[in-house]
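For reference, entry-v4.txt (compact mmCIF, C-alpha atoms):
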```
# COMPACT_ATOMS: atom_id res chain seq x y z
CA MET A 79 -44.97 -17.24 -33.83
CA THR A 80 -45.15 -18.15 -30.12
CA LEU A 81 -45.67 -21.75 -29.05
CA LYS A 82 -49.10 -20.98 -27.60
CA LEU A 83 -50.18 -19.13 -30.73
CA CYS A 84 -48.94 -22.00 -32.88
CA SER A 85 -50.81 -24.54 -30.78
CA LEU A 86 -54.03 -22.63 -31.38
CA PHE A 87 -53.44 -22.07 -35.08
CA CYS A 88 -52.22 -25.57 -35.83
CA ALA A 89 -55.12 -27.19 -33.99
CA VAL A 90 -57.58 -25.17 -36.02
CA ALA A 91 -55.76 -25.97 -39.24
CA VAL A 92 -56.55 -29.67 -39.13
CA ILE A 93 -60.30 -29.25 -38.77
CA SER A 94 -61.23 -28.51 -42.35
CA SER A 95 -59.98 -27.36 -45.70
CA VAL A 96 -62.14 -24.94 -47.70
CA PRO A 97 -61.41 -22.48 -50.50
CA ALA A 98 -59.61 -19.56 -48.90
CA ILE A 99 -60.42 -16.59 -51.10
CA ALA A 100 -62.78 -16.50 -54.03
CA ALA A 101 -60.39 -14.14 -55.80
CA GLU A 102 -58.34 -17.21 -56.68
CA SER A 103 -61.25 -18.77 -58.61
CA GLY A 104 -61.45 -18.31 -62.35
CA GLY A 105 -64.41 -17.15 -64.46
CA SER A 106 -67.48 -15.17 -63.49
CA THR A 107 -70.57 -16.08 -61.51
CA VAL A 108 -74.06 -14.71 -62.05
CA VAL A 109 -76.58 -14.90 -59.23
CA HIS A 110 -80.19 -14.66 -60.39
CA VAL A 111 -81.93 -12.83 -57.56
CA GLY A 112 -85.71 -12.73 -57.15
CA HIS A 113 -85.67 -9.61 -54.98
CA LEU A 114 -82.56 -7.69 -53.91
CA LEU A 115 -82.50 -5.20 -51.05
CA ASP A 116 -80.45 -2.10 -51.88
CA VAL A 117 -79.56 -1.01 -48.35
CA ASP A 118 -78.18 2.32 -49.56
CA SER A 119 -81.46 3.50 -51.13
CA GLY A 120 -83.87 1.25 -49.26
CA ALA A 121 -85.31 0.02 -52.55
CA MET A 122 -86.32 -3.59 -53.13
CA LEU A 123 -85.25 -4.47 -56.68
CA ALA A 124 -87.01 -7.28 -58.52
CA ASP A 125 -85.46 -9.88 -60.84
CA GLN A 126 -81.81 -8.87 -60.69
CA ALA A 127 -78.54 -10.31 -61.93
CA VAL A 128 -75.53 -9.94 -59.63
CA ILE A 129 -72.32 -10.57 -61.55
CA ILE A 130 -69.30 -11.66 -59.51
CA GLU A 131 -65.66 -11.94 -60.52
CA HIS A 132 -62.73 -12.79 -58.24
CA GLY A 133 -64.94 -12.65 -55.16
CA ARG A 134 -66.26 -9.14 -55.82
CA VAL A 135 -69.44 -7.76 -57.31
CA THR A 136 -68.77 -6.29 -60.75
CA SER A 137 -72.32 -5.45 -61.79
CA VAL A 138 -75.91 -5.41 -60.59
CA LYS A 139 -78.53 -5.13 -63.33
CA PRO A 140 -81.94 -6.43 -64.37
CA TRP A 141 -81.94 -10.13 -65.18
CA SER A 142 -81.85 -11.16 -68.80
CA ALA A 143 -81.08 -14.31 -70.66
CA ALA A 144 -77.73 -12.82 -71.66
CA ALA A 145 -76.64 -12.96 -68.04
CA SER A 146 -76.67 -16.75 -68.17
CA THR A 147 -73.57 -16.73 -70.38
CA ALA A 148 -71.42 -16.63 -67.24
CA SER A 149 -69.34 -19.69 -66.43
CA LYS A 150 -71.40 -20.31 -63.29
CA LEU A 151 -75.07 -19.58 -62.57
CA VAL A 152 -76.59 -19.51 -59.08
CA ASP A 153 -80.38 -19.57 -59.01
CA TRP A 154 -81.74 -17.48 -56.13
CA SER A 155 -84.73 -16.34 -58.17
CA GLY A 156 -87.11 -17.60 -55.48
CA TYR A 157 -85.43 -15.66 -52.69
CA THR A 158 -85.03 -12.17 -51.28
CA VAL A 159 -81.36 -11.32 -50.98
CA VAL A 160 -79.69 -8.95 -48.52
CA PRO A 161 -76.00 -8.13 -48.05
CA GLY A 162 -73.97 -10.44 -45.84
CA LEU A 163 -74.94 -9.66 -42.25
CA MET A 164 -72.40 -8.17 -39.84
CA ASP A 165 -72.30 -8.54 -36.04
CA MET A 166 -70.12 -5.92 -34.35
CA HIS A 167 -69.97 -7.50 -30.89
CA THR A 168 -69.11 -11.20 -30.71
CA HIS A 169 -66.85 -13.49 -28.69
CA ILE A 170 -66.34 -16.36 -31.13
CA ALA A 171 -62.92 -17.52 -29.95
CA ASP A 172 -63.70 -17.88 -26.25
CA GLU A 173 -65.27 -20.32 -23.81
CA PRO A 174 -69.08 -19.82 -23.72
CA GLU A 175 -70.67 -18.13 -20.71
CA SER A 176 -71.69 -20.55 -17.96
CA ALA A 177 -72.26 -20.85 -14.24
CA ASP A 178 -68.58 -21.68 -13.71
CA PRO A 179 -66.50 -18.47 -13.43
CA GLY A 180 -63.30 -20.46 -13.87
CA ALA A 181 -64.34 -22.34 -17.01
CA ALA A 182 -61.85 -20.50 -19.25
CA LEU A 183 -58.98 -21.54 -16.98
CA LYS A 184 -59.97 -25.21 -17.17
CA SER A 185 -59.85 -25.32 -20.95
CA THR A 186 -56.73 -25.68 -23.13
CA PRO A 187 -55.48 -23.78 -26.20
CA THR A 188 -56.26 -26.79 -28.40
CA ARG A 189 -59.78 -27.17 -27.04
CA ASP A 190 -60.37 -23.42 -27.43
CA ALA A 191 -59.30 -23.68 -31.06
CA PHE A 192 -61.93 -26.31 -31.79
CA ILE A 193 -64.59 -24.34 -29.89
CA GLY A 194 -63.72 -21.24 -31.90
CA ALA A 195 -63.87 -23.15 -35.18
CA LYS A 196 -67.35 -24.46 -34.38
CA ASN A 197 -68.56 -21.02 -33.33
CA ALA A 198 -67.18 -19.48 -36.52
CA ARG A 199 -68.92 -22.06 -38.69
CA ASP A 200 -72.24 -21.60 -36.87
CA THR A 201 -71.99 -17.83 -37.25
CA LEU A 202 -71.28 -17.98 -40.98
CA ARG A 203 -74.08 -20.47 -41.64
CA ALA A 204 -76.48 -18.04 -39.92
CA GLY A 205 -75.70 -15.44 -42.59
CA PHE A 206 -73.15 -13.38 -40.69
CA THR A 207 -70.25 -13.04 -43.09
CA THR A 208 -68.34 -10.43 -41.04
CA VAL A 209 -67.90 -9.96 -37.29
CA ARG A 210 -66.02 -7.66 -34.96
CA ASP A 211 -64.81 -9.99 -32.21
CA VAL A 212 -64.34 -7.77 -29.21
CA GLY A 213 -62.11 -9.61 -26.80
CA VAL A 214 -60.87 -12.94 -25.48
CA TYR A 215 -59.57 -14.07 -22.12
CA ARG A 216 -56.82 -16.31 -23.50
CA GLY A 217 -54.48 -14.00 -25.39
CA PHE A 218 -54.09 -14.42 -29.17
CA ALA A 219 -56.91 -17.00 -29.55
CA ASP A 220 -59.00 -14.69 -31.73
CA ILE A 221 -55.99 -13.67 -33.84
CA ALA A 222 -55.20 -17.33 -34.55
CA LEU A 223 -58.80 -18.07 -35.50
CA ARG A 224 -59.03 -15.02 -37.77
CA ASP A 225 -55.84 -16.06 -39.53
CA ALA A 226 -57.02 -19.67 -39.91
CA ILE A 227 -60.25 -18.46 -41.55
CA ASN A 228 -58.34 -16.12 -43.85
CA ALA A 229 -56.01 -18.95 -44.84
CA GLY A 230 -58.97 -21.20 -45.67
CA TYR A 231 -58.33 -23.80 -42.97
CA VAL A 232 -61.78 -23.41 -41.42
CA PRO A 233 -65.05 -21.85 -42.59
CA GLY A 234 -66.06 -18.70 -40.78
CA PRO A 235 -66.91 -15.04 -41.08
CA ARG A 236 -64.42 -12.32 -41.90
CA MET A 237 -63.10 -11.35 -38.46
CA PHE A 238 -61.84 -8.05 -37.05
CA VAL A 239 -60.44 -8.85 -33.60
CA ALA A 240 -59.56 -7.00 -30.39
CA ASP A 241 -57.62 -9.74 -28.55
CA ALA A 242 -56.97 -9.05 -24.83
CA TYR A 243 -59.06 -6.58 -22.84
CA ILE A 244 -57.52 -3.35 -21.60
CA THR A 245 -58.88 -3.53 -18.06
CA ILE A 246 -57.95 -2.45 -14.55
CA PRO A 247 -56.69 -5.13 -12.13
CA GLY A 248 -59.75 -6.99 -10.89
CA GLY A 249 -61.96 -5.06 -13.30
CA GLY A 250 -64.67 -5.94 -15.79
CA GLY A 251 -62.25 -7.63 -18.17
CA GLU A 252 -60.68 -9.96 -15.60
CA ILE A 253 -61.66 -13.52 -14.65
CA THR A 254 -63.15 -13.15 -11.15
CA GLY A 255 -65.31 -15.08 -8.71
CA LEU A 256 -62.61 -17.73 -8.27
CA PRO A 257 -61.72 -19.64 -5.11
CA VAL A 258 -59.33 -17.82 -2.80
CA GLY A 259 -55.73 -18.46 -3.78
CA THR A 260 -56.44 -19.17 -7.47
CA VAL A 261 -53.65 -17.80 -9.65
CA VAL A 262 -54.77 -16.63 -13.09
CA PRO A 263 -52.03 -17.32 -15.69
CA GLU A 264 -50.46 -14.37 -17.47
CA GLU A 265 -51.89 -15.38 -20.85
CA PHE A 266 -55.34 -14.44 -19.47
CA ARG A 267 -54.15 -11.00 -18.27
CA ARG A 268 -52.33 -9.56 -21.32
CA GLY A 269 -54.13 -6.22 -21.17
CA VAL A 270 -54.43 -5.60 -17.42
CA SER A 271 -53.31 -1.99 -17.05
CA LYS A 272 -53.26 0.71 -14.41
CA GLY A 273 -52.44 4.29 -15.39
CA PRO A 274 -51.92 5.88 -18.84
CA ASP A 275 -48.37 4.54 -19.30
CA GLU A 276 -49.37 0.90 -18.75
CA VAL A 277 -52.41 1.40 -20.97
CA ARG A 278 -50.21 2.66 -23.82
CA LYS A 279 -47.72 -0.17 -23.29
CA HIS A 280 -50.39 -2.86 -23.49
CA VAL A 281 -52.17 -1.26 -26.44
CA ASP A 282 -48.88 -1.46 -28.34
CA PHE A 283 -48.33 -5.05 -27.22
CA ILE A 284 -51.78 -6.15 -28.40
CA LEU A 285 -51.46 -4.37 -31.74
CA ASP A 286 -47.92 -5.72 -32.21
CA HIS A 287 -49.40 -9.23 -32.02
CA GLY A 288 -51.92 -8.57 -34.78
CA ALA A 289 -55.13 -7.17 -33.29
CA ASP A 290 -57.35 -5.05 -35.56
CA LEU A 291 -58.77 -2.84 -32.80
CA ILE A 292 -58.54 -2.22 -29.06
CA LYS A 293 -61.21 -2.98 -26.44
CA VAL A 294 -61.15 -0.89 -23.26
CA ILE A 295 -63.27 -1.89 -20.28
CA ALA A 296 -64.39 1.54 -19.08
CA THR A 297 -66.89 0.35 -16.43
CA GLY A 298 -67.77 -2.71 -14.43
CA ALA A 299 -69.59 -5.58 -16.11
CA VAL A 300 -72.84 -7.47 -15.69
CA LEU A 301 -71.13 -10.85 -16.07
CA THR A 302 -67.98 -10.17 -14.04
CA ASP A 303 -68.58 -10.82 -10.34
CA GLY A 304 -67.18 -8.18 -8.02
CA THR A 305 -67.70 -5.29 -10.45
CA GLU A 306 -70.66 -2.96 -10.93
CA PRO A 307 -71.91 -1.86 -14.37
CA GLY A 308 -72.55 1.68 -13.21
CA GLN A 309 -69.06 2.15 -11.76
CA SER A 310 -66.34 3.78 -13.85
CA GLU A 311 -63.08 1.84 -13.88
CA TYR A 312 -60.85 4.08 -16.01
CA THR A 313 -60.32 7.82 -15.96
CA GLU A 314 -60.85 9.84 -19.10
CA GLU A 315 -57.07 10.32 -19.27
CA GLU A 316 -56.46 6.56 -19.26
CA ILE A 317 -59.05 5.92 -21.99
CA HIS A 318 -57.61 8.80 -24.03
CA ALA A 319 -54.17 7.17 -23.74
CA ALA A 320 -55.57 4.03 -25.38
CA VAL A 321 -57.29 6.05 -28.11
CA THR A 322 -54.23 8.12 -29.02
CA GLU A 323 -51.87 5.13 -28.94
CA ALA A 324 -54.16 3.08 -31.16
CA ALA A 325 -54.63 6.03 -33.52
CA LYS A 326 -50.88 6.09 -34.18
CA ARG A 327 -51.41 2.71 -35.87
CA GLY A 328 -54.65 3.70 -37.61
CA LYS A 329 -56.75 1.64 -35.20
CA PHE A 330 -60.00 2.35 -33.37
CA VAL A 331 -60.97 1.77 -29.72
CA ALA A 332 -64.24 0.16 -28.63
CA ALA A 333 -65.27 0.90 -25.04
CA HIS A 334 -67.25 -1.52 -22.92
CA ALA A 335 -69.31 0.99 -20.94
CA HIS A 336 -72.56 0.44 -19.05
CA GLY A 337 -72.55 3.36 -16.60
CA ALA A 338 -73.58 6.89 -17.57
CA GLU A 339 -70.37 8.53 -16.36
CA GLY A 340 -68.14 5.86 -17.90
CA ILE A 341 -69.92 6.32 -21.22
CA LYS A 342 -69.31 10.07 -21.17
CA ARG A 343 -65.65 9.66 -20.23
CA ALA A 344 -65.15 7.25 -23.12
CA VAL A 345 -66.92 9.48 -25.63
CA ARG A 346 -64.94 12.55 -24.60
CA ALA A 347 -61.76 10.47 -24.80
CA GLY A 348 -62.49 9.73 -28.46
CA VAL A 349 -63.51 6.07 -28.62
CA ARG A 350 -65.07 4.80 -31.83
CA SER A 351 -67.94 2.94 -30.17
CA ILE A 352 -69.73 2.41 -26.89
CA GLU A 353 -70.51 -1.25 -26.25
CA HIS A 354 -73.68 -2.04 -24.26
CA GLY A 355 -74.50 1.54 -23.13
CA SER A 356 -76.96 0.13 -20.62
CA LEU A 357 -77.30 3.07 -18.22
CA ILE A 358 -76.81 5.90 -20.72
CA ASP A 359 -78.45 9.21 -19.83
CA ASP A 360 -79.70 12.08 -21.99
CA GLU A 361 -76.40 13.93 -21.67
CA GLY A 362 -74.52 10.87 -22.85
CA ILE A 363 -76.81 10.46 -25.85
CA ALA A 364 -76.31 14.10 -26.81
CA LEU A 365 -72.56 13.71 -26.42
CA MET A 366 -72.50 10.62 -28.62
CA LYS A 367 -74.51 12.44 -31.27
CA GLN A 368 -72.13 15.42 -31.10
CA HIS A 369 -68.97 13.29 -31.40
CA GLY A 370 -70.35 10.82 -33.94
CA THR A 371 -69.70 7.93 -31.55
CA TRP A 372 -71.32 4.61 -32.42
CA LEU A 373 -73.62 2.67 -30.09
CA VAL A 374 -73.44 -1.15 -30.19
CA ALA A 375 -76.11 -2.38 -27.79
CA ASP A 376 -76.90 -6.07 -27.20
CA ILE A 377 -80.58 -5.55 -26.42
CA TYR A 378 -81.64 -9.20 -26.88
CA ASN A 379 -79.11 -10.57 -24.42
CA GLY A 380 -80.92 -9.68 -21.21
CA ASP A 381 -83.76 -12.11 -21.89
CA TYR A 382 -81.35 -14.99 -22.49
CA ILE A 383 -79.42 -14.28 -19.29
CA ASP A 384 -82.60 -14.01 -17.24
CA SER A 385 -83.96 -17.31 -18.55
CA VAL A 386 -80.91 -19.54 -19.10
CA GLY A 387 -78.79 -17.89 -16.41
CA ARG A 388 -81.42 -18.61 -13.80
CA SER A 389 -82.02 -22.18 -14.97
CA GLU A 390 -78.28 -22.99 -15.10
CA GLY A 391 -77.48 -21.40 -11.74
CA TRP A 392 -75.42 -18.38 -12.77
CA SER A 393 -74.45 -16.29 -9.75
CA ALA A 394 -77.12 -14.25 -7.98
CA GLU A 395 -74.96 -11.18 -8.52
CA LYS A 396 -75.00 -11.61 -12.31
CA ILE A 397 -78.76 -12.17 -12.36
CA ARG A 398 -79.31 -9.09 -10.19
CA LYS A 399 -77.14 -6.87 -12.41
CA ASN A 400 -78.84 -8.18 -15.53
CA VAL A 401 -82.26 -7.23 -14.12
CA GLU A 402 -80.97 -3.77 -13.24
CA THR A 403 -79.63 -3.09 -16.73
CA THR A 404 -81.87 -4.89 -19.26
CA GLN A 405 -84.86 -2.56 -19.50
CA ALA A 406 -82.71 0.51 -18.88
CA GLN A 407 -80.56 -0.48 -21.85
CA ARG A 408 -83.60 -0.90 -24.09
CA ASP A 409 -85.06 2.43 -23.02
CA GLY A 410 -81.73 4.14 -23.71
CA PHE A 411 -81.52 2.41 -27.08
CA ARG A 412 -84.93 3.78 -28.05
CA LYS A 413 -83.83 7.29 -27.09
CA ALA A 414 -80.57 6.95 -29.02
CA VAL A 415 -82.42 5.83 -32.15
CA LYS A 416 -84.78 8.80 -31.88
CA ALA A 417 -81.84 11.18 -31.36
CA GLY A 418 -80.08 9.93 -34.49
CA VAL A 419 -77.04 8.37 -32.80
CA HIS A 420 -75.02 6.10 -35.11
CA ILE A 421 -76.04 2.52 -34.29
CA ALA A 422 -74.43 -0.73 -35.43
CA PHE A 423 -75.74 -4.25 -34.86
CA GLY A 424 -73.98 -6.13 -32.06
CA THR A 425 -75.23 -9.02 -29.95
CA ASP A 426 -72.57 -10.21 -27.47
CA ALA A 427 -72.83 -13.67 -29.04
CA GLY A 428 -70.91 -16.03 -26.81
CA VAL A 429 -73.06 -15.14 -23.84
CA TYR A 430 -75.78 -16.96 -25.80
CA PRO A 431 -75.12 -19.61 -28.50
CA HIS A 432 -73.38 -18.51 -31.69
CA GLY A 433 -75.53 -18.73 -34.81
CA ASP A 434 -78.53 -17.22 -33.05
CA ASN A 435 -77.35 -13.67 -33.80
CA ALA A 436 -80.38 -12.70 -35.90
CA ARG A 437 -82.69 -12.94 -32.88
CA GLN A 438 -81.76 -9.36 -32.08
CA PHE A 439 -83.34 -7.83 -35.21
CA ALA A 440 -86.86 -8.07 -33.77
CA TYR A 441 -85.73 -6.39 -30.55
CA MET A 442 -84.19 -3.48 -32.46
CA VAL A 443 -87.49 -2.98 -34.29
CA ARG A 444 -89.46 -3.30 -31.06
CA TYR A 445 -87.34 -0.57 -29.49
CA GLY A 446 -87.55 2.09 -32.13
CA MET A 447 -86.00 1.06 -35.46
CA THR A 448 -87.72 0.29 -38.72
CA PRO A 449 -86.83 -3.08 -40.27
CA LEU A 450 -84.71 -1.24 -42.86
CA GLN A 451 -82.81 0.64 -40.14
CA ALA A 452 -82.13 -2.62 -38.29
CA ILE A 453 -80.86 -4.29 -41.48
CA ARG A 454 -78.69 -1.27 -42.27
CA ALA A 455 -77.26 -1.48 -38.75
CA ALA A 456 -76.09 -5.00 -39.62
CA THR A 457 -74.83 -4.17 -43.12
CA ILE A 458 -73.76 -0.76 -44.45
CA ASP A 459 -73.72 0.96 -41.03
CA ALA A 460 -71.65 -1.84 -39.51
CA ALA A 461 -69.23 -1.43 -42.41
CA ARG A 462 -69.02 2.30 -41.63
CA LEU A 463 -68.23 1.54 -37.99
CA LEU A 464 -65.33 -0.63 -39.18
CA GLY A 465 -64.21 2.03 -41.66
CA LYS A 466 -64.74 -0.59 -44.41
CA GLU A 467 -67.76 0.86 -46.20
CA LYS A 468 -65.87 0.91 -49.52
CA GLU A 469 -65.31 -2.84 -49.28
CA LEU A 470 -68.28 -4.28 -47.37
CA GLY A 471 -71.88 -3.67 -46.36
CA SER A 472 -73.88 -3.55 -49.59
CA ILE A 473 -74.33 -5.46 -52.84
CA THR A 474 -72.52 -2.89 -54.95
CA PRO A 475 -69.89 -3.09 -57.69
CA GLY A 476 -66.39 -3.26 -56.25
CA LYS A 477 -67.43 -4.71 -52.88
CA ALA A 478 -67.00 -8.23 -51.55
CA ALA A 479 -69.72 -10.54 -52.85
CA ASP A 480 -71.28 -11.30 -49.46
CA MET A 481 -74.98 -12.14 -49.74
CA VAL A 482 -77.73 -13.90 -47.79
CA ALA A 483 -80.88 -15.42 -49.27
CA VAL A 484 -84.15 -15.72 -47.35
CA ALA A 485 -87.58 -16.96 -48.48
CA CYS A 486 -89.55 -13.93 -47.29
CA ASP A 487 -89.46 -10.13 -47.20
CA PRO A 488 -87.44 -8.90 -44.19
CA LEU A 489 -88.84 -5.39 -44.64
CA LYS A 490 -92.25 -6.81 -43.75
CA ASP A 491 -91.08 -9.34 -41.17
CA VAL A 492 -87.51 -8.86 -39.95
CA GLU A 493 -87.72 -12.19 -38.08
CA CYS A 494 -87.34 -13.96 -41.42
CA LEU A 495 -83.60 -13.18 -41.26
CA ARG A 496 -83.46 -16.09 -38.82
CA GLN A 497 -84.54 -18.44 -41.63
CA VAL A 498 -81.52 -18.39 -43.92
CA ARG A 499 -81.78 -20.39 -47.14
CA SER A 500 -78.34 -19.75 -48.63
CA VAL A 501 -75.18 -17.76 -47.88
CA MET A 502 -72.37 -16.47 -50.05
CA LYS A 503 -69.10 -15.04 -48.73
CA ALA A 504 -66.67 -13.42 -51.18
CA GLY A 505 -68.44 -15.12 -54.08
CA GLU A 506 -68.27 -18.63 -52.60
CA THR A 507 -71.45 -20.44 -51.59
CA VAL A 508 -71.37 -21.59 -47.96
CA SER A 509 -72.43 -25.14 -47.12
CA LEU A 510 -75.39 -25.13 -44.73
CA ASP A 511 -75.37 -28.94 -44.29
```

Using the file provided, produce a representation of the structure as structure tokens.
Amino acid sequence: MTLKLCSLFCAVAVISSVPAIAAESGGSTVVHVGHLLDVDSGAMLADQAVIIEHGRVTSVKPWSAAASTASKLVDWSGYTVVPGLMDMHTHIADEPESADPGAALKSTPTRDAFIGAKNARDTLRAGFTTVRDVGVYRGFADIALRDAINAGYVPGPRMFVADAYITIPGGGGEITGLPVGTVVPEEFRRGVSKGPDEVRKHVDFILDHGADLIKVIATGAVLTDGTEPGQSEYTEEEIHAAVTEAAKRGKFVAAHAHGAEGIKRAVRAGVRSIEHGSLIDDEGIALMKQHGTWLVADIYNGDYIDSVGRSEGWSAEKIRKNVETTQAQRDGFRKAVKAGVHIAFGTDAGVYPHGDNARQFAYMVRYGMTPLQAIRAATIDAARLLGKEKELGSITPGKAADMVAVACDPLKDVECLRQVRSVMKAGETVSLD
């Protein structure tokens, strides 16, 4: 363990001590559920008993008095229960977006650890029991936070992390907009790569240090000054190098891609998902459908940037690029839904405050999804994107006992997913106090 990694991990470790894995608990738990959403069939099941042992669901059946013989009873009979929610595009372990482009450089590993711990707790309390954290500026911060959560040192969602961005020098994954002469430390540039050989080298480096997936910045970014969202930054050959190198280790590649050409290059190169997809065209949609590529589009985010970004004085360039991409992204999302492209829920939390992830559900419904489709995107479909559908994503025997209770019917009003009443991760009830 490197000194910097230890400083992150050890700082997190002192924050809290919670049960690490429910599998270590003895006995069985029965949750009495008023209404349970079966995301596989779309059925809403009334008066159910969910039996949990060692952190996993062992049975789902109609409630009866016999079910109360379990060693522990949880009464959710007044609630509607959905699987633990899953956000496939977060930045939990990083400095929040602000008007200061150099904010990440002014922080410290210890401070970042505490920020990450707070963000993780806020995310879990909002009902998001699993996230795919798709990149950090300070190398290894997300790996340390994931490991601290898994060890039980801090409460947080189950994390699948990408660590450093694979990005061209000065590209969408770099820290830019800094005063002339500013030197960015190497720990913020772990994945900066030019050409297929450097891409392969840095993919191996990132995976060697414990990342679960790779994030390639295929185009410019809305929130990186000096880059343009519509401009491709990697060739198809370079992206393919990342995909094939990651595949040797059984890992997927997510591609940040706003521009139409960059999206198509990434899809042809074999990436697992397109992140953002703001300027996608009809050809790109057809190509994604053909290749089975997933779309993870943060279609709420534009409103937050336009409002808060303006009020806080974010750069004029960022505001301009946000205006140019927000409605285009939503229009493309609607087309992708209609075309039957695989879609997983992802918000870019970290641009806006963590814990507010469920705001996006209403936007997904507004732009073409049914409430059930939107919920599936954040449960069983998100699990499929991760390749973890046998372990996560639905309240089904054999899967992790991740559940969220709300006091309304999300199939009638998806906004009610913002009003969480109780959360369970791996069979353990999460404190919402």

Do you know which residues are at most 12 Å from Asp511 (chain A) counting all atoms listed in the file, after dropping those on the same chain fewer than 6 positions away, and could you put them as a VMD selection string? chain A and resid 199 to 200 203 to 204 499 to 501

Separation of CA of Gly446 (chain A) from CA of Lys490 (chain A) in Å: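 Straight-line distance from CA of Lys490 (chain A) to CA of Gly446 (chain A) works out to 15.4 Å.
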
Can you find the residues with an atom no farther than 12 Å from (-90.5, -7.4, -43.4), counting only C-alpha atoms, and report them as an mmCIF file with C-alpha atoms, in the frame of the given file?
```cif
data_model
loop_
_atom_site.group_PDB
_atom_site.id
_atom_site.type_symbol
_atom_site.label_atom_id
_atom_site.label_comp_id
_atom_site.auth_asym_id
_atom_site.auth_seq_id
_atom_site.Cartn_x
_atom_site.Cartn_y
_atom_site.Cartn_z
ATOM 1 C CA LEU A 115 -82.500 -5.200 -51.050
ATOM 2 C CA MET A 122 -86.320 -3.590 -53.130
ATOM 3 C CA THR A 158 -85.030 -12.170 -51.280
ATOM 4 C CA PHE A 439 -83.340 -7.830 -35.210
ATOM 5 C CA ALA A 440 -86.860 -8.070 -33.770
ATOM 6 C CA VAL A 443 -87.490 -2.980 -34.290
ATOM 7 C CA THR A 448 -87.720 0.290 -38.720
ATOM 8 C CA PRO A 449 -86.830 -3.080 -40.270
ATOM 9 C CA LEU A 450 -84.710 -1.240 -42.860
ATOM 10 C CA GLN A 451 -82.810 0.640 -40.140
ATOM 11 C CA ALA A 452 -82.130 -2.620 -38.290
ATOM 12 C CA ILE A 453 -80.860 -4.290 -41.480
ATOM 13 C CA VAL A 484 -84.150 -15.720 -47.350
ATOM 14 C CA ALA A 485 -87.580 -16.960 -48.480
ATOM 15 C CA CYS A 486 -89.550 -13.930 -47.290
ATOM 16 C CA ASP A 487 -89.460 -10.130 -47.200
ATOM 17 C CA PRO A 488 -87.440 -8.900 -44.190
ATOM 18 C CA LEU A 489 -88.840 -5.390 -44.640
ATOM 19 C CA LYS A 490 -92.250 -6.810 -43.750
ATOM 20 C CA ASP A 491 -91.080 -9.340 -41.170
ATOM 21 C CA VAL A 492 -87.510 -8.860 -39.950
ATOM 22 C CA GLU A 493 -87.720 -12.190 -38.080
ATOM 23 C CA CYS A 494 -87.340 -13.960 -41.420
ATOM 24 C CA LEU A 495 -83.600 -13.180 -41.260
#
```

What gap, in Å, lies between CA of Gly273 (chain A) and CA of Thr313 (chain A)? 8.7 Å

Per residue of region 298-401 of chain A within 12 Å of region 234-239 of chain A, note the shortest atom pair and the distance in Å to one decimal, counting all atoms listed in the file, and order the rows by chain and increasing residue number, as CSV.
```
residue,atom,partner,partner_atom,distance
A:Lys329,CA,A:Phe238,CA,11.1
A:Phe330,CA,A:Phe238,CA,11.2
A:Val331,CA,A:Val239,CA,11.3
A:Ala332,CA,A:Val239,CA,11.0
```

Which is closest to His167 (chain A) among A:Pro475, A:Gly424, A:Pro179, A:Gly362, if we use only C-alpha atoms?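 Checking each candidate against His167 (chain A), we get A:Gly424 as the closest.
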
Here is a test: counting all atoms listed in the file, which residue of A:Ala296, A:Ala324, A:Ala319, A:Glu131 is nearest to Pro274 (chain A)?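 The shortest atom-to-atom distance to Pro274 (chain A) comes from A:Ala319.
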